[in-house]
$ cat run00.txt   # compact mmCIF, C-alpha atoms
# COMPACT_ATOMS: atom_id res chain seq x y z
CA MET E 1 94.84 86.04 154.96
CA LYS E 2 92.39 83.27 154.13
CA ARG E 3 92.74 84.05 150.45
CA SER E 4 96.52 83.86 150.59
CA ILE E 5 96.40 80.44 152.32
CA ALA E 6 94.02 79.21 149.64
CA PHE E 7 96.44 80.52 147.03
CA VAL E 8 99.40 78.66 148.59
CA VAL E 9 97.36 75.45 148.75
CA LEU E 10 96.47 75.96 145.09
CA LEU E 11 100.16 76.39 144.24
CA MET E 12 101.01 73.19 146.07
CA MET E 13 98.34 71.16 144.28
CA PRO E 14 100.56 69.74 141.54
CA TYR E 15 103.09 68.59 144.14
CA LEU E 16 100.43 66.89 146.22
CA LEU E 17 99.12 65.10 143.13
CA ARG E 18 102.60 64.06 142.05
CA ALA E 19 102.95 61.86 145.08
CA GLY E 20 100.07 59.77 143.73
CA GLU E 21 100.63 56.61 141.75
CA ILE E 22 99.48 55.92 138.19
CA PRO E 23 95.71 55.25 138.17
CA ALA E 24 94.50 51.97 136.64
CA THR E 25 93.10 53.75 133.61
CA GLY E 26 96.38 55.57 132.95
CA ARG E 27 98.59 52.48 132.80
CA ARG E 28 100.60 52.11 129.62
CA SER E 29 102.75 49.24 128.47
CA GLY E 30 106.27 49.93 127.25
CA TYR E 31 104.92 48.75 123.88
CA SER E 32 102.97 51.99 123.47
CA PHE E 33 106.19 54.03 123.76
CA MET E 34 107.98 52.10 121.00
CA ALA E 35 108.63 53.05 117.38
CA PRO E 36 106.44 51.33 114.73
CA ASP E 37 109.40 49.16 113.56
CA THR E 38 109.94 47.69 117.02
CA ARG E 39 106.20 47.14 117.51
CA ALA E 40 106.07 45.27 114.19
CA MET E 41 108.94 43.07 115.37
CA GLN E 42 107.02 42.11 118.52
CA ASP E 43 103.74 41.57 116.67
CA ASP E 44 105.12 39.10 114.10
CA ASP E 45 105.98 35.79 115.75
CA THR E 46 108.38 34.92 112.95
CA ALA E 47 110.28 38.20 113.38
CA ASN E 48 110.23 38.29 117.19
CA PRO E 49 113.55 36.79 118.35
CA GLY E 50 111.95 35.96 121.70
CA MET E 51 110.11 33.16 119.93
CA LEU E 52 113.46 31.37 119.45
CA TRP E 53 113.59 30.96 123.24
CA VAL E 54 109.94 29.91 123.34
CA MET E 55 110.71 27.18 120.78
CA GLU E 56 113.66 26.03 122.84
CA GLY E 57 111.55 26.08 125.99
CA GLU E 58 108.94 23.91 124.30
CA SER E 59 111.52 21.20 123.64
CA LEU E 60 113.00 21.53 127.16
CA TRP E 61 109.49 21.11 128.59
CA ALA E 62 109.36 17.60 127.14
CA LYS E 63 112.98 16.68 127.97
CA GLN E 64 113.73 14.36 130.90
CA ASP E 65 116.16 15.76 133.45
CA GLY E 66 117.60 15.02 136.89
CA ALA E 67 117.67 11.83 138.99
CA SER E 68 113.88 11.44 138.69
CA GLU E 69 114.23 11.09 134.89
CA LYS E 70 111.07 13.11 134.59
CA ALA E 71 110.27 15.93 132.19
CA CYS E 72 108.15 18.97 133.08
CA ALA E 73 105.49 17.47 130.83
CA ASP E 74 105.37 14.20 132.84
CA CYS E 75 103.72 16.02 135.76
CA HIS E 76 102.29 19.17 134.17
CA GLY E 77 101.12 17.69 130.87
CA ASP E 78 100.51 20.04 127.98
CA ALA E 79 101.81 23.47 128.97
CA ARG E 80 99.23 25.12 126.73
CA GLU E 81 96.62 23.86 129.20
CA SER E 82 98.41 23.60 132.54
CA MET E 83 100.52 26.77 132.33
CA ARG E 84 97.80 29.04 130.98
CA GLY E 85 97.63 32.11 133.22
CA VAL E 86 100.42 30.95 135.53
CA ALA E 87 102.90 33.69 134.60
CA ALA E 88 100.19 36.31 135.24
CA ARG E 89 100.01 35.17 138.90
CA TYR E 90 103.75 35.24 139.72
CA PRO E 91 105.57 36.06 142.02
CA ALA E 92 103.48 33.76 144.23
CA PHE E 93 103.74 32.68 147.88
CA ASP E 94 105.75 29.51 148.53
CA GLN E 95 104.42 27.72 151.65
CA VAL E 96 107.70 25.89 152.37
CA LEU E 97 109.93 28.95 152.12
CA GLY E 98 107.32 31.24 153.66
CA ARG E 99 108.03 33.99 151.16
CA PRO E 100 107.20 34.87 147.54
CA VAL E 101 109.10 33.28 144.67
CA ASP E 102 109.16 34.49 141.09
CA LEU E 103 108.59 32.31 138.04
CA GLU E 104 112.30 31.56 137.59
CA GLN E 105 112.61 30.46 141.21
CA ALA E 106 109.45 28.38 140.89
CA ILE E 107 110.96 26.58 137.88
CA ASN E 108 114.15 25.90 139.81
CA LEU E 109 112.24 24.77 142.93
CA SER E 110 110.28 22.36 140.79
CA ARG E 111 113.56 21.09 139.35
CA THR E 112 115.14 20.46 142.76
CA ARG E 113 112.01 19.22 144.55
CA HIS E 114 110.42 17.07 141.86
CA GLN E 115 112.97 16.35 139.15
CA GLN E 116 115.92 16.04 141.56
CA ALA E 117 117.81 18.16 139.05
CA SER E 118 120.25 21.00 139.72
CA PRO E 119 118.80 24.53 139.55
CA LEU E 120 119.48 26.45 136.34
CA ALA E 121 121.67 29.55 136.55
CA HIS E 122 120.07 33.01 136.43
CA GLU E 123 119.90 34.38 132.87
CA SER E 124 121.03 31.01 131.48
CA ARG E 125 119.60 30.15 128.10
CA GLU E 126 117.74 27.12 129.46
CA LEU E 127 116.06 28.99 132.33
CA LEU E 128 115.04 31.89 130.10
CA ALA E 129 113.75 29.44 127.50
CA LEU E 130 111.53 27.62 130.01
CA GLU E 131 110.35 30.89 131.52
CA ALA E 132 109.56 32.31 128.06
CA TYR E 133 107.66 29.17 127.07
CA ILE E 134 105.58 29.26 130.28
CA ALA E 135 105.00 33.02 130.07
CA GLU E 136 103.90 32.78 126.45
CA GLN E 137 100.98 30.59 127.58
CA SER E 138 99.58 33.64 129.44
CA ARG E 139 99.72 36.00 126.48
CA GLY E 140 96.83 38.44 126.52
CA MET E 141 95.73 37.44 130.01
CA PRO E 142 95.43 40.13 132.70
CA ILE E 143 98.15 40.35 135.34
CA ALA E 144 96.71 39.02 138.59
CA ALA E 145 99.72 38.73 140.93
CA GLY E 146 99.54 39.60 144.62
CA ALA E 147 95.93 38.54 145.25
CA ASP E 148 97.03 36.06 147.95
CA PRO E 149 96.69 37.86 151.35
CA GLN E 150 99.91 36.19 152.56
CA LEU E 151 101.74 38.33 150.01
CA ALA E 152 100.54 41.67 151.43
CA PRO E 153 103.61 42.40 153.64
CA PHE E 154 105.93 41.58 150.72
CA VAL E 155 104.02 43.85 148.34
CA ASP E 156 104.45 46.63 150.94
CA LYS E 157 108.19 45.96 151.15
CA GLY E 158 108.45 46.07 147.37
CA ARG E 159 106.52 49.33 147.29
CA GLU E 160 108.85 50.78 149.89
CA LEU E 161 111.87 49.78 147.78
CA PHE E 162 110.21 51.38 144.75
CA MET E 163 109.70 54.65 146.64
CA THR E 164 113.13 54.79 148.35
CA ARG E 165 115.79 57.05 146.95
CA GLU E 166 119.16 55.38 146.55
CA GLY E 167 122.53 55.56 144.79
CA GLN E 168 124.80 58.48 144.00
CA LEU E 169 122.04 60.04 141.90
CA ASN E 170 119.68 59.70 144.88
CA LEU E 171 116.70 58.63 142.81
CA SER E 172 113.88 56.24 143.57
CA CYS E 173 112.12 54.15 140.92
CA ALA E 174 109.06 56.37 141.47
CA ASN E 175 110.96 59.58 140.65
CA CYS E 176 111.10 58.46 137.02
CA HIS E 177 108.44 55.80 136.53
CA ASP E 178 105.57 57.34 138.54
CA ASP E 179 106.37 61.05 138.26
CA ASN E 180 108.09 61.51 134.89
CA TRP E 181 107.07 58.61 132.65
CA ASP E 182 105.64 60.98 130.05
CA LYS E 183 109.04 62.60 129.51
CA ARG E 184 112.25 61.53 127.83
CA LEU E 185 115.72 60.87 129.16
CA ALA E 186 118.59 61.35 126.69
CA GLY E 187 116.24 60.75 123.76
CA SER E 188 114.66 57.59 125.18
CA ALA E 189 111.13 57.35 126.54
CA ILE E 190 111.23 56.94 130.32
CA THR E 191 108.09 54.70 130.34
CA GLN E 192 106.04 53.61 133.34
CA GLY E 193 108.14 50.51 133.98
CA GLN E 194 105.21 48.10 133.66
CA PRO E 195 106.51 44.49 133.65
CA THR E 196 104.07 43.17 131.04
CA GLY E 197 106.41 41.41 128.63
CA TYR E 198 109.07 39.55 130.61
CA PRO E 199 111.13 37.66 129.81
CA LEU E 200 111.64 39.95 126.84
CA TYR E 201 114.01 40.43 123.93
CA ARG E 202 115.86 43.67 124.38
CA LEU E 203 117.63 44.95 121.27
CA GLU E 204 120.27 46.55 123.51
CA TRP E 205 120.99 43.16 125.10
CA GLN E 206 120.87 41.25 121.81
CA SER E 207 119.20 38.60 123.89
CA LEU E 208 116.21 37.59 125.95
CA GLY E 209 116.47 38.75 129.56
CA SER E 210 114.53 38.63 132.81
CA LEU E 211 112.82 41.40 134.76
CA GLN E 212 115.57 41.08 137.36
CA ARG E 213 118.21 41.79 134.72
CA ARG E 214 116.27 44.92 133.73
CA LEU E 215 115.91 46.02 137.36
CA ARG E 216 119.62 45.55 137.98
CA GLY E 217 120.33 47.72 134.94
CA CYS E 218 118.11 50.49 136.32
CA VAL E 219 119.59 50.31 139.83
CA THR E 220 123.11 50.42 138.42
CA GLY E 221 121.96 53.40 136.33
CA VAL E 222 121.24 55.46 139.44
CA ARG E 223 124.67 54.32 140.66
CA ALA E 224 123.44 52.19 143.50
CA GLN E 225 124.59 48.69 144.41
CA ALA E 226 122.23 46.33 142.60
CA PHE E 227 120.52 43.52 144.54
CA GLU E 228 121.74 40.03 143.67
CA PHE E 229 119.74 37.87 141.27
CA GLY E 230 117.15 35.94 143.24
CA SER E 231 117.51 38.07 146.39
CA PRO E 232 114.35 38.65 148.47
CA GLU E 233 114.48 42.39 147.62
CA MET E 234 114.43 41.61 143.89
CA VAL E 235 111.39 39.37 144.26
CA GLU E 236 109.60 41.96 146.43
CA LEU E 237 110.23 44.62 143.78
CA GLU E 238 108.99 42.26 141.05
CA LEU E 239 105.91 41.52 143.14
CA TYR E 240 105.13 45.21 143.70
CA LEU E 241 105.61 45.94 139.99
CA MET E 242 103.20 43.14 139.08
CA THR E 243 100.53 44.41 141.51
CA ARG E 244 101.14 47.92 140.16
CA ALA E 245 100.40 46.56 136.66
CA ALA E 246 97.34 44.56 137.77
CA GLY E 247 94.92 43.97 134.91
CA MET E 248 97.37 44.78 132.12
CA PRO E 249 97.70 42.02 129.50
CA ILE E 250 100.81 39.81 129.41
CA GLU E 251 102.86 40.29 126.21
CA SER E 252 105.64 37.76 126.74
CA PRO E 253 107.95 37.43 124.96
CA ALA E 254 107.91 41.18 124.25
CA VAL E 255 110.49 43.15 122.26
CA ARG E 256 111.94 46.37 123.66
CA PRO E 257 114.60 48.76 122.30
CA MET G 258 116.20 20.99 117.58
CA ALA G 259 114.67 23.63 115.41
CA LYS G 260 116.79 26.74 115.71
CA ALA G 261 115.22 28.84 112.97
CA LEU G 262 111.89 30.51 112.32
CA ILE G 263 110.84 30.61 108.68
CA ASN G 264 107.91 32.58 107.34
CA VAL G 265 106.92 31.71 103.77
CA PRO G 266 103.36 31.74 102.47
CA ALA G 267 102.14 28.17 102.00
CA LYS G 268 100.25 29.13 98.85
CA ALA G 269 100.68 31.78 96.18
CA ARG G 270 99.20 32.56 92.78
CA ARG G 271 101.54 32.16 89.80
CA GLY G 272 103.35 35.42 89.22
CA ASP G 273 102.80 36.78 92.74
CA VAL G 274 105.70 38.44 94.52
CA ILE G 275 106.15 36.66 97.85
CA GLU G 276 108.25 37.58 100.87
CA ILE G 277 110.53 35.04 102.50
CA LYS G 278 111.53 35.72 106.12
CA ALA G 279 114.18 33.78 108.00
CA LEU G 280 115.21 34.27 111.62
CA THR G 281 117.83 32.15 113.29
CA SER G 282 119.32 31.83 116.74
CA HIS G 283 122.98 32.86 117.01
CA ILE G 284 125.01 34.99 119.43
CA MET G 285 127.10 36.68 116.66
CA GLU G 286 130.06 37.32 118.98
CA THR G 287 132.19 39.89 117.18
CA GLY G 288 135.65 38.83 118.33
CA TYR G 289 136.39 42.42 119.32
CA ARG G 290 135.17 42.24 122.89
CA HIS G 291 137.27 41.55 125.97
CA THR G 292 136.46 39.79 129.20
CA ALA G 293 136.92 41.54 132.55
CA ALA G 294 140.30 39.77 132.72
CA GLY G 295 141.36 41.38 129.43
CA GLU G 296 141.21 38.29 127.25
CA ILE G 297 139.59 38.52 123.82
CA VAL G 298 136.25 36.74 123.47
CA PRO G 299 136.80 34.59 120.37
CA ARG G 300 134.82 35.46 117.28
CA ASP G 301 131.76 33.27 116.80
CA ILE G 302 129.56 34.42 113.94
CA ILE G 303 127.51 33.07 111.07
CA THR G 304 129.58 33.60 107.92
CA SER G 305 127.15 32.57 105.21
CA PHE G 306 123.45 32.12 104.53
CA THR G 307 122.01 30.39 101.50
CA CYS G 308 118.43 29.84 100.39
CA ARG G 309 117.80 27.35 97.59
CA PHE G 310 114.52 26.83 95.81
CA ASN G 311 114.16 23.38 94.23
CA GLY G 312 117.93 23.04 94.45
CA ALA G 313 118.74 26.30 92.65
CA GLU G 314 120.33 29.12 94.61
CA LEU G 315 117.76 31.85 95.23
CA PHE G 316 119.49 34.12 97.73
CA ARG G 317 122.89 34.16 99.38
CA ALA G 318 124.43 36.48 101.97
CA ASP G 319 127.84 36.77 103.61
CA PHE G 320 127.73 37.79 107.26
CA PHE G 321 130.25 39.92 109.13
CA PRO G 322 130.86 40.81 112.80
CA ALA G 323 128.73 43.99 112.65
CA ILE G 324 125.54 41.97 112.11
CA ALA G 325 123.31 41.72 115.19
CA ALA G 326 122.66 38.58 117.19
CA ASN G 327 119.82 36.33 116.01
CA PRO G 328 119.99 37.63 112.43
CA TYR G 329 116.73 38.18 110.58
CA LEU G 330 116.63 38.26 106.78
CA SER G 331 113.78 39.07 104.48
CA PHE G 332 113.82 38.88 100.67
CA PHE G 333 111.39 38.48 97.80
CA MET G 334 110.82 36.19 94.84
CA ILE G 335 108.30 35.75 92.06
CA ALA G 336 106.29 32.59 92.61
CA ASN G 337 106.49 30.68 89.32
CA ASP G 338 106.48 27.05 90.45
CA SER G 339 105.59 24.98 93.47
CA GLY G 340 108.57 23.67 95.34
CA LYS G 341 110.74 23.49 98.38
CA PHE G 342 112.94 26.08 100.03
CA ASP G 343 116.12 24.92 101.72
CA PHE G 344 117.78 27.32 104.11
CA GLU G 345 121.31 26.90 105.40
CA TRP G 346 123.37 28.95 107.82
CA ILE G 347 127.12 28.23 108.17
CA GLY G 348 129.42 29.82 110.72
CA ASP G 349 132.52 29.68 112.89
CA HIS G 350 133.48 26.57 114.88
CA GLY G 351 131.60 24.29 112.49
CA PHE G 352 128.22 25.95 113.10
CA SER G 353 125.52 24.79 110.74
CA THR G 354 121.72 25.01 110.84
CA THR G 355 119.24 24.06 108.19
CA ALA G 356 115.53 24.60 107.73
CA SER G 357 113.03 24.08 104.95
CA ALA G 358 109.61 25.24 103.82
CA SER G 359 107.32 24.49 100.91
CA LEU G 360 105.35 26.65 98.55
CA SER G 361 102.45 25.56 96.44
CA VAL G 362 101.64 27.69 93.41
CA VAL G 363 98.09 27.79 92.08
CA GLU G 364 96.89 29.34 88.81

$ encode --input "run00.txt" --output "structure tokens"
Amino acid sequence: MKRSIAFVVLLMMPYLLRAGEIPATGRRSGYSFMAPDTRAMQDDDTANPGMLWVMEGESLWAKQDGASEKACADCHGDARESMRGVAARYPAFDQVLGRPVDLEQAINLSRTRHQQASPLAHESRELLALEAYIAEQSRGMPIAAGADPQLAPFVDKGRELFMTREGQLNLSCANCHDDNWDKRLAGSAITQGQPTGYPLYRLEWQSLGSLQRRLRGCVTGVRAQAFEFGSPEMVELELYLMTRAAGMPIESPAVRP
Amino acid sequence: MAKALINVPAKARRGDVIEIKALTSHIMETGYRHTAAGEIVPRDIITSFTCRFNGAELFRADFFPAIAANPYLSFFMIANDSGKFDFEWIGDHGFSTTASASLSVVE
């Protein structure tokens, strides 16, 4: 009897382990799943189309806007100094709103609060350009989001969203990106879903896009109703993904297939 | 505002084969897509690219709707003289972008 129980426990072992998340040493960027051609495109700054947005962001950084007639640079100075490592720490807690905001929201809050300018639309060229320019300043730096203890409940909410099955296909993020990332789906690598390179140039999009755009694509893929851009759920998911990728280097602007 | 990324070696030895890379920002809207309301999205593409070296045409390409957004071109030349590259992209709705780069040839 004892032996048969031990045998059943042994049989169940793989299932018990599967519930575990990816250990820090096993984390892999989407880059490592890509073909050599696509890697070469990301590695060469004059072939990486994301750099077109970075260039545009650099000029927007110095451009006056809003009723204050101030540019980002008037308060923040040289982005290469002041924005170094910033993207690696977002989403971060906003004291006024009492909840986390992602980098795009932080840019728009700074526009409304300090520049007295109108917020930029989600996925607009200008917002992506500024985000790409800021994120590029953190290239190679380890992701360090979620360290603020005030963020803990929001990380938990994001984790819960990540683990919750939803949609007609009844899949959670974890079903693919924790449990099956080493496999392929219709010829494409599933990947671990590590958000190391956003905003990134996706060949499928023919454009730069945000992490939220990518998440909406995935949620629609499991035939669930996608959260709106900028919704608290989106930011909580982003926050969980960033804590899940803690320590991985930022690649922005990355290229993905 | 600079809308193109050019990659040309600044220096080359006479007789070297050098690679010229040019990437520009453009949506390359095919003209075949429809909006949710059923209206055609008007075509908006680059139609022609020219690279001149010291005024003489070095490379020219005609573009068509099947070419991806933010087109990237790479081509080669033999470095015989120092000089200046002039790049020009022309497209629908009066689109035009230019860029330049210089090459210095040493013995």

$ residues_around --input "run00.txt" --residues "Ser357 (chain G)" --least-positions-apart "5" --cutoff "6 Å" --atoms "only C-alpha atoms" --output "PyMOL selection string"
chain G and resi 342-344

$ residues_near_point --input "run00.txt" --point "(124.2, 33.3, 141.3)" --cutoff "9 Å" --atoms "only C-alpha atoms" --output "short mmCIF file (atom, residue, chain, number, x, y, z; two decimals) with C-alpha atoms, in the frame of the given file"
data_model
loop_
_atom_site.label_atom_id
_atom_site.label_comp_id
_atom_site.auth_asym_id
_atom_site.auth_seq_id
_atom_site.Cartn_x
_atom_site.Cartn_y
_atom_site.Cartn_z
CA ALA E 121 121.67 29.55 136.55
CA HIS E 122 120.07 33.01 136.43
CA GLU E 228 121.74 40.03 143.67
CA PHE E 229 119.74 37.87 141.27
CA GLY E 230 117.15 35.94 143.24
#

$ closest_residue --input "run00.txt" --among "G:Arg271, G:Lys341, G:His350, G:Lys260" --to "Arg309 (chain G)" --atoms "all atoms listed in the file"
G:Lys341

$ interface_residues --input "run00.txt" --of "chain E" --to "chain G" --cutoff "12 Å" --atoms "all atoms listed in the file" --output "list in words"
Met41, Asp44, Asp45, Thr46, Ala47, Asn48, Pro49, Gly50, Met51, Leu52, Trp53, Val54, Met55, Glu56, Gly57, Glu58, Ser59, Leu60, Lys63, Arg125, Tyr201, Arg202, Leu203, Glu204, Trp205, Gln206, Ser207 and Leu208 of chain E

$ atom_distance --input "run00.txt" --atom1 "CA of Ala87 (chain E)" --atom2 "CA of Arg244 (chain E)"
15.4 Å

$ atom_distance --input "run00.txt" --atom1 "CA of Ile303 (chain G)" --atom2 "CA of Ala132 (chain E)"
24.7 Å

$ residues_around --input "run00.txt" --residues "Gln64 (chain E)" --least-positions-apart "6" --cutoff "12 Å" --atoms "all atoms listed in the file" --output "list in words"
Lys70, Ala71, Cys72, Ala73, Asp74, Cys75, Arg111, His114, Gln115, Gln116 and Ala117 of chain E

$ atom_distance --input "run00.txt" --atom1 "CA of Leu211 (chain E)" --atom2 "CA of Thr287 (chain G)"
26.2 Å

$ axis_aligned_box --input "run00.txt" --around "region 93-101 of chain E" --padding-each-side "5 Å" --output "JSON"
{"center_x": 106.8, "center_y": 30.4, "center_z": 149.2, "size_x": 16.2, "size_y": 19.0, "size_z": 19.0}

$ residues_around --input "run00.txt" --residues "Gly98 (chain E)" --least-positions-apart "4" --cutoff "10 Å" --atoms "all atoms listed in the file" --output "tab-separated table (two decimals) with C-alpha atoms, in the coordinates of the input"
chain	number	residue	atom	x	y	z
E	93	PHE	CA	103.74	32.68	147.88
E	94	ASP	CA	105.75	29.51	148.53
E	150	GLN	CA	99.91	36.19	152.56
E	151	LEU	CA	101.74	38.33	150.01

$ closest_residue --input "run00.txt" --among "E:Asp182, E:Glu236, E:Glu166, E:Asp65" --to "Thr112 (chain E)" --atoms "all atoms listed in the file"
E:Asp65

$ closest_residue --input "run00.txt" --among "E:Ile107, E:Cys218, E:Met163, E:Ala144" --to "Gly247 (chain E)" --atoms "only C-alpha atoms"
E:Ala144

$ decode --input "run00.txt" --residues "region 279-335 of chain G" --atoms "C-alpha atoms" --output "compact mmCIF listing (two decimals), in the first residue's frame"
# COMPACT_ATOMS: atom_id res chain seq x y z
CA ALA G 279 19.32 53.20 -45.90
CA LEU G 280 16.25 52.93 -43.68
CA THR G 281 13.41 55.40 -43.82
CA SER G 282 10.18 55.98 -41.97
CA HIS G 283 7.02 55.42 -44.04
CA ILE G 284 3.71 53.61 -43.48
CA MET G 285 3.58 52.13 -47.05
CA GLU G 286 -0.23 51.92 -47.04
CA THR G 287 -1.09 49.60 -49.91
CA GLY G 288 -4.39 51.10 -51.04
CA TYR G 289 -5.98 47.66 -50.91
CA ARG G 290 -7.18 47.77 -47.33
CA HIS G 291 -10.63 48.78 -46.13
CA THR G 292 -11.76 50.50 -42.97
CA ALA G 293 -14.36 48.89 -40.69
CA ALA G 294 -16.92 51.08 -42.51
CA GLY G 295 -15.93 49.54 -45.86
CA GLU G 296 -14.13 52.53 -47.31
CA ILE G 297 -10.80 52.03 -49.06
CA VAL G 298 -7.77 53.37 -47.20
CA PRO G 299 -6.06 55.50 -49.87
CA ARG G 300 -2.72 54.33 -51.17
CA ASP G 301 0.22 56.10 -49.56
CA ILE G 302 3.56 54.62 -50.56
CA ILE G 303 7.06 55.64 -51.51
CA THR G 304 7.30 55.31 -55.29
CA SER G 305 10.98 55.96 -55.91
CA PHE G 306 14.34 55.94 -54.18
CA THR G 307 17.52 57.40 -55.60
CA CYS G 308 21.06 57.47 -54.28
CA ARG G 309 23.55 59.81 -55.97
CA PHE G 310 27.26 59.87 -55.35
CA ASN G 311 28.90 63.21 -56.19
CA GLY G 312 25.85 64.02 -58.28
CA ALA G 313 25.94 60.85 -60.39
CA GLU G 314 23.18 58.30 -59.96
CA LEU G 315 24.51 55.28 -58.07
CA PHE G 316 21.37 53.30 -57.27
CA ARG G 317 17.69 53.72 -58.04
CA ALA G 318 14.64 51.67 -57.06
CA ASP G 319 10.94 51.84 -57.84
CA PHE G 320 8.69 50.90 -54.94
CA PHE G 321 5.32 49.14 -55.11
CA PRO G 322 2.51 48.42 -52.62
CA ALA G 323 3.92 45.00 -51.64
CA ILE G 324 6.98 46.59 -50.01
CA ALA G 325 6.87 46.63 -46.20
CA ALA G 326 6.52 49.71 -44.04
CA ASN G 327 9.73 51.56 -43.12
CA PRO G 328 11.63 50.21 -46.14
CA TYR G 329 15.25 49.21 -45.66
CA LEU G 330 17.63 49.04 -48.61
CA SER G 331 21.19 47.83 -48.75
CA PHE G 332 23.49 47.94 -51.78
CA PHE G 333 27.20 47.96 -52.56
CA MET G 334 29.70 50.10 -54.42
CA ILE G 335 33.43 50.16 -55.07
